[in-house]
Amino acid sequence: MPVPWFLLSLALGRSPVVLSLERLAGPQDAVRCSPGLSCHLWDGDVLCLPGSIVSAPEPVLVPTHLQTELVLRCHQETDCELCVRVVIHLTVHGHWEKPEDEEQFGRAADLELEEPRNASLQAQVVLSFQAYPTARCVLLEVQVPAALVQPGQSVGSVVFDCFEAALGAEVRIWSYTQPRYKKELNFTQQLPDCRGLEVRDSIQSCWALPWLNVSADGDDVHLVLEVSEEQHFGLSLYWNQVQGPTKPWWHRNLTGPQTITLNHTDLVPCLCIQVWPLELDSVRTSICPFRKDPRAYRNLWRATRLQLLHPLGWRLDAPCSLPAEASLCWQALGGGPCQSLVPPLPRENVTVNKALDFPLLKGHPNLCVQQVSSWEKVQLQECLWSDSLGPLKDDMLLVETRGPQANRSLCALELSGCTPLLSRASTRAARLGEQLLQDLQSGQCLQLWDDDLGALWACPMDKYIHQRWALVWLACLLFAAVLFLLLLLKKDHVKVASRGRAALLLYSADNADFERLVGALASALCQLPLRVAVDLWSRRELSAQGALAWFHAQRRQTLQEGGVVVLLFSPGAVALCREWLQDGASATGAHGPHDAFAASLNCVLPDFMQGRAPGRYVGAYFDSLLRRDAVPSLFLAVPVLALPSQLPDFLRALQGPGLSHPGRLADRAEQVSQALQPALGCCVGPLGTPETGREMGLEAGDGT
């Protein structure tokens, strides 16, 4: 069920509930004054032109207070209209100017001033009246005798009868003089309606006036018009703006009874309702029921738009006047709240729908305008000229405060407050205080505002940011250079990790079965990964270059790449070593052109004899074909490992330090062992029994 929210019978504003009103006869306006004053009302209305405030060189009359009173203007006993009587209180403003040469001329100067000081004062007082849809201005002439002229003293009052107004209307009254010596007085009053006064028998429009109730039901607002059936009436919704004329919003001619539904988002504080019978010269009754509704104020802020004008202007567009103040603030690039600035904009309610100017010399994208409501909450914020001046800048705002005797101080506005430039604080402004002072003195800062009380300066911080980033880039470059050197130093290790270590496999071709065993070992080692070079896979190059040249090229490349040379001992290899050690290099000439092992002994044995072998050579033998003690002792300077029993150690030696993976060596050794088993089983029979191997081993051992 709708809940009654507002009844038109309640008197609004500052107007009291009046039980009976004074009656004035006749339609003519009239004016009367306090005793001792004389006054006159100009015929007809005048234009409302307040003009600018001017200074008063001598005492003048000015209005200082307004009062109103409701009366009835009656043409007949039962034909009256509601009328607003206005009482204007007048005061003498200003003083007589005292000439500088008064002491020089003495009494003569006093005699010359005595005549004007004894003269009466005369003033033209304007009364401006506005009540939708009526607006009037009248001019009153008031004269005060010299005996009552005392600067700063009240001289009496003037009473104007009267301004006719509709029942329930909101009226506004202004008063000022021509010319205007002070700010005009203003007064707003909400008039009662027919039910608020005992005038129903005196005002004919109250006899058949549509009665209006306003009620709320959830998000909807209902306008309920209690009129008889088939009665025709007009209904108008309008924005009753304090600054400027009223603005119609919705108008209909209806037949009663009616219920009009409004959405709650349409409510604003200045939304007023006017209703009247569709009869000739009918009285219009107006109410403004949403003036204190919190929802109406929320809607008003949502409908308000802050517009920034070029070059240094701004405008607040809103359907109603706003109980808010505007202030300038500085929005830092890094975020945070917008910080209020001195000078603030005038601390008074904002004039809506009117272009206003900023008290600035230059614009800046970090300067913003805030609209602060009467409950000290920021409602709107807009940064200046964001379209024309670009995004926010990383500038430091310097606030200069000027005191007496040419004293001045400078501080930098930061999130923590205004930091003195030459302080020991741990803020950016304090660290760069001396540099910012130099920038200010050298003219590198932009002056935004200047006044007797101080100034505002915006100093760019880009160069300091560039210096900081230059140090960062320099540190990065140094780090990159060190990293590059480390990469160069570990180039060989990286190559090994990515391509596998190089291994040159040397063996004696005892027979075809042993060559198949060597081929199986080389193929298994390539899966580790290792890059294996063996003469079995290079027969064409071996024939073209010769065994000795091929070995020299392979050995040099392997050792340059950090690889290893593998000496695979067999009974035939041990015999060749014995021959070389007993007979010298000439012993190798009897072997075939493809026997790389015999050719290699010319270089391998000198490396062992001169102590260059460790780290470059690894020895190995198949434990089913040869015993360890058969290997000449000269070669024991390097690891000599049995295969396949010592495969993990053999693989670790081939991969080199830092490249082995203990968790995987056992698996790889198992894979290599399984690859060798078929070929290893075929080699035992053709090469002879173990005893044969031992005999050869002992003979070779004797040779050392």
# chains A, B, ... in the order shown; residues from 1 in each chain; ligands from 1
$ select_by_dssp --residues "segment 295-528 of chain A" --states "strand (DSSP E)" --output "ChimeraX atom specification"
/A:305-309,313-317,324-330,339-340,356-357,367-373,378-383,395-402,408-414,417-420,446-450,454-460,501-507
$ residues_around --residues "Val158 of chain A" --least-positions-apart "3" --cutoff "12 Å" --atoms "only C-alpha atoms" --output "number ranges by chain"
A: 30-41, 62-68, 85-91, 123-127, 139-144, 154-155, 161, 175
$ write_last_selection --atoms "N, CA and C atoms" --output "CSV table (one decimal), in the first residue's frame"
chain,number,residue,atom,x,y,z
A,30,ALA,N,1.4,49.8,-3.6
A,30,ALA,CA,1.6,51.0,-2.7
A,30,ALA,C,2.9,50.8,-1.9
A,31,VAL,N,3.4,52.0,-1.4
A,31,VAL,CA,4.6,52.0,-0.6
A,31,VAL,C,4.4,53.0,0.5
A,32,ARG,N,5.0,52.7,1.7
A,32,ARG,CA,4.9,53.6,2.8
A,32,ARG,C,6.2,53.4,3.6
A,33,CYS,N,6.6,54.5,4.4
A,33,CYS,CA,7.9,54.5,5.0
A,33,CYS,C,7.7,54.7,6.5
A,34,SER,N,8.9,54.6,7.2
A,34,SER,CA,8.9,54.9,8.6
A,34,SER,C,8.8,56.4,8.8
A,35,PRO,N,8.4,56.8,10.0
A,35,PRO,CA,8.3,58.2,10.3
A,35,PRO,C,9.7,58.9,10.1
A,36,GLY,N,9.6,60.1,9.4
A,36,GLY,CA,10.8,60.9,9.1
A,36,GLY,C,11.3,60.6,7.7
A,37,LEU,N,10.9,59.5,7.1
A,37,LEU,CA,11.4,59.2,5.7
A,37,LEU,C,10.3,59.6,4.7
A,38,SER,N,10.7,59.8,3.5
A,38,SER,CA,9.8,60.0,2.4
A,38,SER,C,10.1,59.0,1.4
A,39,CYS,N,9.1,58.5,0.7
A,39,CYS,CA,9.3,57.4,-0.3
A,39,CYS,C,8.3,57.6,-1.4
A,40,HIS,N,8.6,57.0,-2.5
A,40,HIS,CA,7.8,57.1,-3.7
A,40,HIS,C,8.0,55.8,-4.6
A,41,LEU,N,6.9,55.3,-5.1
A,41,LEU,CA,6.9,54.2,-6.0
A,41,LEU,C,6.8,54.6,-7.4
A,62,VAL,N,21.6,51.9,1.9
A,62,VAL,CA,21.6,50.5,1.4
A,62,VAL,C,20.6,49.7,2.2
A,63,PRO,N,20.0,48.7,1.5
A,63,PRO,CA,19.1,47.7,2.2
A,63,PRO,C,19.9,46.7,3.0
A,64,THR,N,19.6,46.5,4.2
A,64,THR,CA,20.3,45.6,5.1
A,64,THR,C,19.5,44.4,5.6
A,65,HIS,N,18.2,44.4,5.4
A,65,HIS,CA,17.4,43.3,5.9
A,65,HIS,C,16.0,43.3,5.2
A,66,LEU,N,15.5,42.0,4.9
A,66,LEU,CA,14.3,41.9,4.3
A,66,LEU,C,13.3,41.1,5.2
A,67,GLN,N,12.1,41.5,5.2
A,67,GLN,CA,11.0,40.7,5.9
A,67,GLN,C,9.8,40.6,4.9
A,68,THR,N,9.1,39.5,5.1
A,68,THR,CA,7.8,39.4,4.3
A,68,THR,C,6.7,39.1,5.2
A,85,ARG,N,3.8,40.9,1.1
A,85,ARG,CA,4.2,42.3,1.5
A,85,ARG,C,5.7,42.2,1.9
A,86,VAL,N,6.5,43.2,1.4
A,86,VAL,CA,7.9,43.2,1.7
A,86,VAL,C,8.3,44.4,2.5
A,87,VAL,N,9.1,44.2,3.5
A,87,VAL,CA,9.6,45.2,4.4
A,87,VAL,C,11.1,45.3,4.2
A,88,ILE,N,11.6,46.5,3.8
A,88,ILE,CA,13.0,46.7,3.6
A,88,ILE,C,13.6,47.6,4.7
A,89,HIS,N,14.6,47.1,5.4
A,89,HIS,CA,15.3,48.0,6.4
A,89,HIS,C,16.5,48.6,5.8
A,90,LEU,N,16.7,49.9,6.0
A,90,LEU,CA,17.7,50.7,5.4
A,90,LEU,C,18.7,51.2,6.4
A,91,THR,N,20.0,51.3,6.0
A,91,THR,CA,21.1,51.7,6.9
A,91,THR,C,22.0,52.7,6.1
A,123,ALA,N,18.0,57.6,-2.2
A,123,ALA,CA,18.4,56.3,-2.8
A,123,ALA,C,17.3,55.7,-3.6
A,124,GLN,N,17.7,55.0,-4.6
A,124,GLN,CA,16.7,54.2,-5.5
A,124,GLN,C,16.9,52.7,-5.2
A,125,VAL,N,15.9,52.1,-4.6
A,125,VAL,CA,15.9,50.7,-4.1
A,125,VAL,C,15.1,49.9,-5.1
A,126,VAL,N,15.7,48.8,-5.5
A,126,VAL,CA,15.0,47.9,-6.5
A,126,VAL,C,14.5,46.7,-5.7
A,127,LEU,N,13.3,46.3,-5.9
A,127,LEU,CA,12.8,45.0,-5.4
A,127,LEU,C,12.5,44.1,-6.6
A,139,LEU,N,10.7,49.8,-8.5
A,139,LEU,CA,11.7,50.8,-8.1
A,139,LEU,C,11.1,51.7,-7.1
A,140,LEU,N,11.8,51.8,-5.9
A,140,LEU,CA,11.3,52.7,-4.8
A,140,LEU,C,12.3,53.8,-4.6
A,141,GLU,N,11.9,55.0,-4.5
A,141,GLU,CA,12.7,56.2,-4.2
A,141,GLU,C,12.5,56.5,-2.7
A,142,VAL,N,13.6,56.6,-2.0
A,142,VAL,CA,13.6,56.9,-0.6
A,142,VAL,C,14.5,58.1,-0.3
A,143,GLN,N,14.0,59.0,0.6
A,143,GLN,CA,14.8,60.1,1.0
A,143,GLN,C,14.9,60.2,2.5
A,144,VAL,N,16.1,60.5,3.0
A,144,VAL,CA,16.3,60.5,4.5
A,144,VAL,C,16.8,61.9,4.8
A,154,SER,N,20.9,52.6,11.4
A,154,SER,CA,19.6,52.3,10.7
A,154,SER,C,18.8,53.6,10.7
A,155,VAL,N,18.1,53.8,9.6
A,155,VAL,CA,17.3,55.0,9.5
A,155,VAL,C,15.8,54.7,9.4
A,161,ASP,N,3.5,47.1,-0.7
A,161,ASP,CA,2.3,46.3,-0.9
A,161,ASP,C,2.0,46.2,-2.4
A,175,SER,N,16.8,42.4,-3.3
A,175,SER,CA,16.8,43.9,-3.1
A,175,SER,C,18.2,44.5,-3.2
$ atom_distance --atom1 "atom CA of Trp537 of chain A" --atom2 "atom CA of Val518 of chain A"
11.1 Å
$ atom_distance --atom1 "atom CA of Leu421 of chain A" --atom2 "atom CA of Lys393 of chain A"
20.2 Å
$ residues_around --residues "segment 670-675 of chain A" --least-positions-apart "5" --cutoff "7 Å" --atoms "only C-alpha atoms" --output "list in words"
Ala520, Ala524 and Pro644 of chain A
$ closest_residue --among "A:Tyr297, A:Cys320, A:Pro391, A:Ser416" --to "Pro337 of chain A" --atoms "only C-alpha atoms"
A:Ser416
$ closest_residue --among "A:Asp317, A:Leu356, A:Ala332, A:Ala430" --to "Leu380 of chain A" --atoms "only C-alpha atoms"
A:Asp317
$ select_by_dssp --residues "segment 165-334 of chain A" --states "alpha helix (DSSP H)" --output "tab-separated table (two decimals) with C-alpha atoms, in the first residue's frame"
chain	number	residue	atom	x	y	z
A	294	PRO	CA	18.07	12.02	0.21
A	295	ARG	CA	17.26	10.08	-2.96
A	296	ALA	CA	16.65	13.33	-4.81
A	297	TYR	CA	20.10	14.61	-3.85
A	298	ARG	CA	21.74	11.37	-4.99
A	299	ASN	CA	19.97	11.66	-8.34
A	300	LEU	CA	21.04	15.28	-8.61
A	301	TRP	CA	24.72	14.37	-8.26
A	302	ARG	CA	24.33	11.60	-10.82
A	303	ALA	CA	22.86	14.09	-13.30
$ residues_around --residues "Ala666 of chain A" --least-positions-apart "5" --cutoff "10 Å" --atoms "only C-alpha atoms" --output "number ranges by chain"
A: 647-649, 651, 661, 671-672
$ closest_residue --among "A:Cys270, A:Ala406, A:Val372, A:Leu528" --to "Asp667 of chain A" --atoms "only C-alpha atoms"
A:Leu528
$ closest_residue --among "A:Ser52, A:Gln560, A:Ser409, A:Gln307" --to "Arg616 of chain A" --atoms "only C-alpha atoms"
A:Gln560
$ residues_around --residues "Ile273 of chain A" --least-positions-apart "5" --cutoff "8 Å" --atoms "only C-alpha atoms" --output "list in words"
Leu235, Ser236, Leu237, Tyr238, Ser286, Ile287 and Cys288 of chain A
$ closest_residue --among "A:Ala481, A:Ala475, A:Val399, A:Leu410" --to "Leu448 of chain A" --atoms "only C-alpha atoms"
A:Val399
